[in-house]
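S.K.: This is the structure I want to talk about, given as structure tokens.
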Amino acid sequence: LAPLKLAGPQSLFVVTDFDATLTDWMGGDQQMGEDCHKIVFNCIPPGQLEAFRERSRQRSHVMDKTDQAALLHESLVWTEEANNLCVETAITRNMVRESLRRANTVFRPRSLEFLEECKRLKIPVIIVSAGYEVVIQEFLRFHSPQLLDNEDWPLMLIANELKFCPETDVVKGWGPLISPKNKEEMYVVYKEKWDATQQGRRHALVLGDRIGDLHPMRNVTKPPSLDPTIQSLEIMQGPWC
């Protein structure tokens, strides 16, 4: 991390996963922490949820696990079906809030302080997740509402968007599909916002729960403001501080 410290906060931006990265692997009850999908799925009647899971298991049995195109397709089909299940069961934002309140999900130690320090130093943060934007928003709002007040602090969420009806609060649709298999490619979709968020910053700190989880400088067009000759990219694996 020496190059990052030498360059200073004015040259840094952060790209981070959410589940098991900003949140802890273990929940507050010392059981496996609930991720974004689990929190939303807790709002769905068990019978419909099990039928969805059975369809996924049946497709998995006949799929070639070495075919990357097939794996990408399945990940997007799974995500679309999950979103459609939210619409069919008329999930509301308030139901998600209540599910999150009951969940065992907690911040990884010191990660909340890390985000608050980024805000204080005006270091842009981009959270990229194959989970649900609404869960991330409500989790941040519950623990530190000021993190969502980002008029003078670039915070970008790239995650699956459930679109709630303003009048009824019920899910009526969804945004672009984001799965673990296409997170990198989504940087291309959000490239214009990415460039605006960087504001000429040249050092990236990338945080994920496993190597390769997030790697925005590989396989996609590099933002023009990122000079590869002075780039410092750090991948943090597992518990980080």
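Convention: chains lettered A, B, ... in structure tokens order; per-chain residue numbering from 1; ligands numbered from 1 as shown.
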Please report as JSON lines every residue of range 35-70 of chain A lying within 8 Å of range 108-132 of chain A, along with the nearest atom pair and their distance in Å (one decimal), using only C-alpha atoms.

M.R.:
{"residue": "A:Asp35", "atom": "CA", "partner": "A:Gly131", "partner_atom": "CA", "distance": 7.6}
{"residue": "A:Cys36", "atom": "CA", "partner": "A:Gly131", "partner_atom": "CA", "distance": 5.0}
{"residue": "A:His37", "atom": "CA", "partner": "A:Gly131", "partner_atom": "CA", "distance": 6.0}

S.K.: Selection from above, N, CA and C atoms, as a tab-separated table (two decimals), in the first residue's frame, can you write it?

M.R.:
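After the write, result-v3.tsv holds the following:
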chain	number	residue	atom	x	y	z
A	35	ASP	N	-26.54	-12.69	2.84
A	35	ASP	CA	-26.17	-11.76	1.79
A	35	ASP	C	-27.41	-11.06	1.24
A	36	CYS	N	-27.20	-10.21	0.22
A	36	CYS	CA	-28.30	-9.40	-0.33
A	36	CYS	C	-29.46	-10.26	-0.79
A	37	HIS	N	-29.16	-11.34	-1.54
A	37	HIS	CA	-30.23	-12.17	-2.06
A	37	HIS	C	-30.99	-12.89	-0.94

S.K.: Can you list, as a PyMOL selection string, every protein, DNA or RNA residue that comes within 12 Å of Pro45 in chain A when you count only C-alpha atoms, leaving out same-chain residues fewer than 6 positions away?

M.R.: chain A and resi 51-52+85-86+88-91

S.K.: Run DSSP on the backbone of this structure and report the residues of range 100-146 of chain A it assigns to helix (DSSP H, G or I), as a PyMOL selection string.

M.R.: chain A and resi 100-102+111-120+133-143+145-146

S.K.: Find the spatial neighbours of Leu177 in chain A, counting only C-alpha atoms, within a cut-off of 9 Å - ignore same-chain residues fewer than 6 positions away - and output them as a PyMOL selection string.

M.R.: chain A and resi 76+79-80+130+159-161

S.K.: Could you check the closest approach to Arg210 in chain A for each of A:Glu185, A:Glu167, A:Asp17, A:Glu98 and tell me which residue wins, using only C-alpha atoms?

M.R.: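 Distance minimum relative to Arg210 in chain A lands on A:Asp17.
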
S.K.: Calculate how many Å separate CA of Met32 in chain A from CA of Phe18 in chain A, rounding to one decimal.

M.R.: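 We find that CA of Met32 in chain A and CA of Phe18 in chain A lie 15.1 Å from each other.
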
S.K.: For Lys181 in chain A, work out the shell of residues within 7 Å, counting only C-alpha atoms and skipping chain neighbours fewer than 2 positions away, then give it as a list in words.

M.R.: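 The residues satisfying every condition are Leu72, Ser75, Ser179 and Lys183 of chain A.
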
S.K.: Write out as a list in words the set of residues from range 10-203 of chain A that DSSP, computed on the backbone, places in strand (DSSP E).

M.R.: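 Here is the list: Leu12, Phe13, Val14, Val15, Thr16, Val125, Ile126, Ile127, Val128, Ser129, Ala130, Gly131, Tyr132, Leu155, Met156, Leu157, Ile158, Ala159, Asn160, Leu162, Lys163, Phe164, Val171, Lys172, Gly173, Trp174 and His203 of chain A.
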
S.K.: Find the residue from A:Leu205, A:Glu74, A:Thr92, A:Glu133 that sits nearest to Lys172 in chain A; use only C-alpha atoms when measuring.

M.R.: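 Of A:Leu205, A:Glu74, A:Thr92, A:Glu133, the one nearest Lys172 in chain A is A:Thr92, counting only C-alpha atoms.
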